[in-house]
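Some notes on the structure that comes next.
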Amino acid sequence: MLLAPDREWATFRDPDDSNRRWMVDVTWLTSPWRCVFGCGCQGVLTAPTPEMEQGCCSYGAHFSDEDDRDRVVAAATDLRADEWQHSAAGARRGVTARLQSGGWRTRLVDGACIFLNRPGFPAGAGCALHLLALRQGVHFMATKPDVCWQLPLRKEDKEESDGTVTTTLSEFARSGWGAGGDEFAWWCTEAPEAFTGTEPVYRSLEPELRGMVGDTLYEAIAAYLDRRMANGNGNGSGKGVLVPHPALRKAR
């Protein structure tokens with residue numbers, strides 16, 4: 001039996017750093033994944049809990065650095081009580097918690113992130129910081145923790161033996177959560193029901209990708225993937241076939 005490829009990758013030079021190359025997950029970025037929060041998401045607990053509408057907010061958001069933390073703390077001061085269910089708890093105890101291992105995360109209230117509005121709240125279930133972004137007319141990258149607007153995109157750096165850096169741009173798989181991810185009853189990047197979008201990821205998550213890789217590199221990646229989507233290869237000729245995402249192969 002011949003083995004089929006599991007994923008397809010493409011390598012790009014960093015336009016701003018000659019010491020860095022990017023390994024881009026073509027299979028993930030051309031897939032039709034979409035966020036199904038509130039319409040099929042089963043959460044990240046040890047049993048399916050779609051009725052709780054917690055999505056991936058059950059454990060709080062770990063801040064990438066102090067700037068990330070301070071930006072979210074400042075955004076919280078702009079939230080109104082009618083768009084933030086736990087505003088009283090935030091005012092009383094603050095919105096961040098220090099981790100014993102170092103770093104910070106958003107504080108938890110009743111088993112989930114302090115910014116998560118629960119079902120039954122008049123403004124609706126979901127992130128209060130997302131509501132703030134909508135009211136202010138800005139992208140939610142400006143109000144939410146980095147990990148929240150990036151998920152399920154993932155960027156990882158690896159220093160090579162020659163001193164160069166390889167940055168991998170792929171999906172935030174179950175393994176990205178560490179050992180705890182093995183206990184999830186469900187995870188969206190391996191669930192066929194989440195691969196029902198009308199656009200490929202590199203288009204549906206364009207603002208987030210631009211924020212992660214920069215405009216110049218994004219344009220290069222998008223142009224390449226446009227050609228791959230149209231022709232199946234990178235040079236505009238031939239009839240190559242994209243490698244389907246494992247979740248789509250699972251659904252067949």
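Order determines the names: the first chain of the structure tokens is A, the second B, and so forth; residues in each chain are numbered 1 upward, and ligands are numbered 1 upward as they are shown.
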Requested in this report: Identify, on the basis of only C-alpha atoms, every residue whose closest approach to segment 130-135 of chain A does not exceed 12 Å; exclude the query and any residue fewer than 5 positions from it along the same chain; express the result as a ChimeraX atom specification.
Outcome: /A:72,74-85,115-117,123-125,140-145,148-149
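For segment 83-216 of chain A, a DSSP pass over the backbone yields strand (DSSP E) at Thr96, Ala97, Arg98, Trp104, Arg105, Thr106, Leu108, Val109, Ala112, Cys113, Leu116, Asn117, Gly126, Cys127, Leu153, Arg154, Lys155, Glu156, Asp157, Lys158, Glu159, Val165, Thr166, Thr167, Thr168, Leu169, Ser170 and Glu171 of chain A.
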Selection file, C-alpha atoms, as a PDB file, in the first residue's frame:
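The result, stored in selection_34.pdb:
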```
ATOM      1  CA  THR A  96      -5.518  38.751  36.073  1.00  0.00           C
ATOM      2  CA  ALA A  97      -3.992  35.946  38.153  1.00  0.00           C
ATOM      3  CA  ARG A  98      -0.276  35.261  38.681  1.00  0.00           C
ATOM      4  CA  TRP A 104      -0.080  35.685  34.073  1.00  0.00           C
ATOM      5  CA  ARG A 105      -3.489  34.577  32.849  1.00  0.00           C
ATOM      6  CA  THR A 106      -6.985  35.968  33.021  1.00  0.00           C
ATOM      7  CA  LEU A 108     -11.286  32.478  36.519  1.00  0.00           C
ATOM      8  CA  VAL A 109     -14.844  32.910  37.754  1.00  0.00           C
ATOM      9  CA  ALA A 112     -14.086  29.787  33.218  1.00  0.00           C
ATOM     10  CA  CYS A 113     -12.500  33.063  32.100  1.00  0.00           C
ATOM     11  CA  LEU A 116     -16.754  34.979  29.417  1.00  0.00           C
ATOM     12  CA  ASN A 117     -20.444  35.856  29.555  1.00  0.00           C
ATOM     13  CA  GLY A 126     -19.355  34.851  24.651  1.00  0.00           C
ATOM     14  CA  CYS A 127     -16.411  37.137  25.276  1.00  0.00           C
ATOM     15  CA  LEU A 153      -3.408  29.642  14.510  1.00  0.00           C
ATOM     16  CA  ARG A 154      -0.026  28.858  16.004  1.00  0.00           C
ATOM     17  CA  LYS A 155       3.432  30.310  15.428  1.00  0.00           C
ATOM     18  CA  GLU A 156       6.490  28.526  16.836  1.00  0.00           C
ATOM     19  CA  ASP A 157      10.178  29.415  16.579  1.00  0.00           C
ATOM     20  CA  LYS A 158      13.011  26.887  16.397  1.00  0.00           C
ATOM     21  CA  GLU A 159      16.666  27.873  16.442  1.00  0.00           C
ATOM     22  CA  VAL A 165      15.507  30.482  12.984  1.00  0.00           C
ATOM     23  CA  THR A 166      12.689  28.458  11.461  1.00  0.00           C
ATOM     24  CA  THR A 167       9.222  29.756  12.301  1.00  0.00           C
ATOM     25  CA  THR A 168       6.396  27.295  11.781  1.00  0.00           C
ATOM     26  CA  LEU A 169       2.934  28.664  10.998  1.00  0.00           C
ATOM     27  CA  SER A 170       0.299  26.000  11.469  1.00  0.00           C
ATOM     28  CA  GLU A 171      -2.765  25.109  13.502  1.00  0.00           C
TER      29      GLU A 171
END
```
- Task: Tell me which protein, DNA and RNA residues are within 10 Å of Leu45 of chain A, counting only C-alpha atoms, leaving out same-chain ones fewer than 6 positions away, and put them as a list of chain:residue names.
- Result: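 Surrounding residues, per the criterion: A:Gln54, A:Gly55, A:Cys56, A:Ser58, A:Tyr59, A:Gly180, A:Gly181, A:Glu183, A:Phe184, A:Ala185, A:Trp186, A:Trp187.
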Mind running segment 1-108 of chain A against segment 205-228 of chain A at 9 Å and telling me each contacting residue's nearest atom pair with the distance in Å (one decimal), counting only C-alpha atoms, chain and number ascending, as a Markdown table?
```
| residue | atom | partner | partner_atom | distance |
| --- | --- | --- | --- | --- |
| A:Ala10 | CA | A:Ile221 | CA | 8.9 |
| A:Phe12 | CA | A:Ile221 | CA | 7.9 |
| A:Arg13 | CA | A:Leu217 | CA | 8.5 |
| A:Asp14 | CA | A:Leu217 | CA | 7.0 |
| A:Pro15 | CA | A:Leu217 | CA | 6.6 |
| A:Asp16 | CA | A:Thr216 | CA | 9.0 |
| A:Val24 | CA | A:Ile221 | CA | 8.2 |
| A:Val26 | CA | A:Leu225 | CA | 7.4 |
| A:Leu29 | CA | A:Leu225 | CA | 8.2 |
| A:Thr30 | CA | A:Leu225 | CA | 7.2 |
```
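The list of residues with at least one atom within 12 Å of Arg92 of chain A, based on only C-alpha atoms and without residues fewer than 4 positions apart in the same chain, reads His86, Ser87, Ala88, Thr96, Arg107 and Ile114 of chain A.
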Write the selection just made, keeping C-alpha atoms, as a PDB file, in the first residue's frame?
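As a result, out_18.pdb now contains:
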```pdb
ATOM      1  CA  HIS A  86     -18.590  39.538  35.747  1.00  0.00           C
ATOM      2  CA  SER A  87     -17.766  43.226  35.906  1.00  0.00           C
ATOM      3  CA  ALA A  88     -18.322  43.308  39.674  1.00  0.00           C
ATOM      4  CA  THR A  96      -5.518  38.751  36.073  1.00  0.00           C
ATOM      5  CA  ARG A 107      -8.719  35.275  36.324  1.00  0.00           C
ATOM      6  CA  ILE A 114     -13.692  36.177  33.904  1.00  0.00           C
TER       7      ILE A 114
END
```
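Counting only C-alpha atoms, the residue from A:Ala230, A:Val241, A:Val44, A:Val201 that sits nearest to Ser31 of chain A is A:Val201.
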Next on the checklist: With only C-alpha atoms as the counted atoms, please give the residues lying no more than 9 Å from Glu53 of chain A, apart from itself and same-chain residues fewer than 3 positions off, as a PyMOL selection string.
Outcome noted: chain A and resi 37-39+41-43+49-50+118-119+125-126
**Report entry** Residues of segment 23-204 of chain A in helix (DSSP H, G or I), written as a PyMOL selection string
**Finding:** chain A and resi 26-29+50-52+66-76+87-93+128-136+140-142+146-150+174-183+188-190+192-194+201-204
**OP:** Write out as an MDAnalysis selection string the residues lying within 8 Å of Thr164 of chain A, counting only C-alpha atoms and excluding same-chain residues fewer than 2 positions away.
**Re:** chainID A and resid 19:21 159:162 166
Write the residues you've just listed into a file as a PDB file, in the first residue's frame, and include N, CA and C atoms for each of them.
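And here is the file that came out, selection-v7.pdb:
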```pdb
ATOM      1  N   ASN A  19      17.762  36.097   8.630  1.00  0.00           N
ATOM      2  CA  ASN A  19      18.145  34.964   9.466  1.00  0.00           C
ATOM      3  C   ASN A  19      16.971  34.031   9.738  1.00  0.00           C
ATOM      4  N   ARG A  20      15.797  34.355   9.179  1.00  0.00           N
ATOM      5  CA  ARG A  20      14.585  33.591   9.505  1.00  0.00           C
ATOM      6  C   ARG A  20      13.927  33.060   8.237  1.00  0.00           C
ATOM      7  N   ARG A  21      13.442  31.823   8.334  1.00  0.00           N
ATOM      8  CA  ARG A  21      12.602  31.258   7.286  1.00  0.00           C
ATOM      9  C   ARG A  21      11.281  30.811   7.911  1.00  0.00           C
ATOM     10  N   GLU A 159      15.323  27.454  16.830  1.00  0.00           N
ATOM     11  CA  GLU A 159      16.666  27.873  16.442  1.00  0.00           C
ATOM     12  C   GLU A 159      17.424  26.673  15.884  1.00  0.00           C
ATOM     13  N   GLU A 160      17.944  26.823  14.664  1.00  0.00           N
ATOM     14  CA  GLU A 160      18.651  25.736  14.002  1.00  0.00           C
ATOM     15  C   GLU A 160      20.124  25.724  14.416  1.00  0.00           C
ATOM     16  N   SER A 161      20.819  24.640  14.082  1.00  0.00           N
ATOM     17  CA  SER A 161      22.226  24.491  14.468  1.00  0.00           C
ATOM     18  C   SER A 161      23.125  25.514  13.795  1.00  0.00           C
ATOM     19  N   ASP A 162      22.687  26.068  12.663  1.00  0.00           N
ATOM     20  CA  ASP A 162      23.500  27.068  11.973  1.00  0.00           C
ATOM     21  C   ASP A 162      23.210  28.488  12.445  1.00  0.00           C
ATOM     22  N   THR A 166      13.814  28.922  12.264  1.00  0.00           N
ATOM     23  CA  THR A 166      12.689  28.458  11.461  1.00  0.00           C
ATOM     24  C   THR A 166      11.411  28.707  12.247  1.00  0.00           C
TER      25      THR A 166
END
```
Counting only C-alpha atoms, which residues of segment 169-246 of chain A sit at most 8 Å from some atom of segment 3-8 of chain A, and what is each one's closest atom pair with its distance in Å to one decimal, listed by chain and rising residue number, as a tab-separated table?
```
residue	atom	partner	partner_atom	distance
A:Leu242	CA	A:Glu8	CA	7.7
A:Val243	CA	A:Arg7	CA	6.0
A:Pro244	CA	A:Arg7	CA	7.7
A:His245	CA	A:Arg7	CA	7.2
A:Pro246	CA	A:Asp6	CA	7.2
```
Got time to write the residues from that selection, N, CA and C atoms, as a PDB file, in the first residue's frame?
```
ATOM      1  N   LEU A 242      -4.291  19.495  -3.890  1.00  0.00           N
ATOM      2  CA  LEU A 242      -4.000  19.877  -2.516  1.00  0.00           C
ATOM      3  C   LEU A 242      -4.212  18.683  -1.589  1.00  0.00           C
ATOM      4  N   VAL A 243      -3.392  18.582  -0.577  1.00  0.00           N
ATOM      5  CA  VAL A 243      -3.561  17.535   0.425  1.00  0.00           C
ATOM      6  C   VAL A 243      -4.693  17.947   1.360  1.00  0.00           C
ATOM      7  N   PRO A 244      -5.784  17.183   1.427  1.00  0.00           N
ATOM      8  CA  PRO A 244      -6.894  17.570   2.302  1.00  0.00           C
ATOM      9  C   PRO A 244      -6.517  17.467   3.770  1.00  0.00           C
ATOM     10  N   HIS A 245      -7.135  18.298   4.587  1.00  0.00           N
ATOM     11  CA  HIS A 245      -6.867  18.281   6.018  1.00  0.00           C
ATOM     12  C   HIS A 245      -7.293  16.937   6.614  1.00  0.00           C
ATOM     13  N   PRO A 246      -6.561  16.435   7.629  1.00  0.00           N
ATOM     14  CA  PRO A 246      -6.932  15.157   8.241  1.00  0.00           C
ATOM     15  C   PRO A 246      -8.375  15.087   8.716  1.00  0.00           C
TER      16      PRO A 246
END
```
Nearest to Pro192 of chain A, restricted to only C-alpha atoms and choosing among A:Phe172, A:His139, A:Gly40, A:Val95, comes out as A:Gly40
task = Calculate how many Å separate atom CA of Pro152 of chain A from atom CA of Gln136 of chain A, rounding to one decimal.
result =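 Computing the Euclidean distance for atom CA of Pro152 of chain A and atom CA of Gln136 of chain A yields 24.4 Å.
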Atom CA of Asp146 of chain A to atom CA of Thr27 of chain A, straight-line distance in Å: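 Between atom CA of Thr27 of chain A and atom CA of Asp146 of chain A the gap works out to 23.6 Å.
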Problem - Atom-to-atom span, atom CA of Ala191 of chain A and atom CA of Ala247 of chain A, Å - result: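 The value is 5.9 Å.
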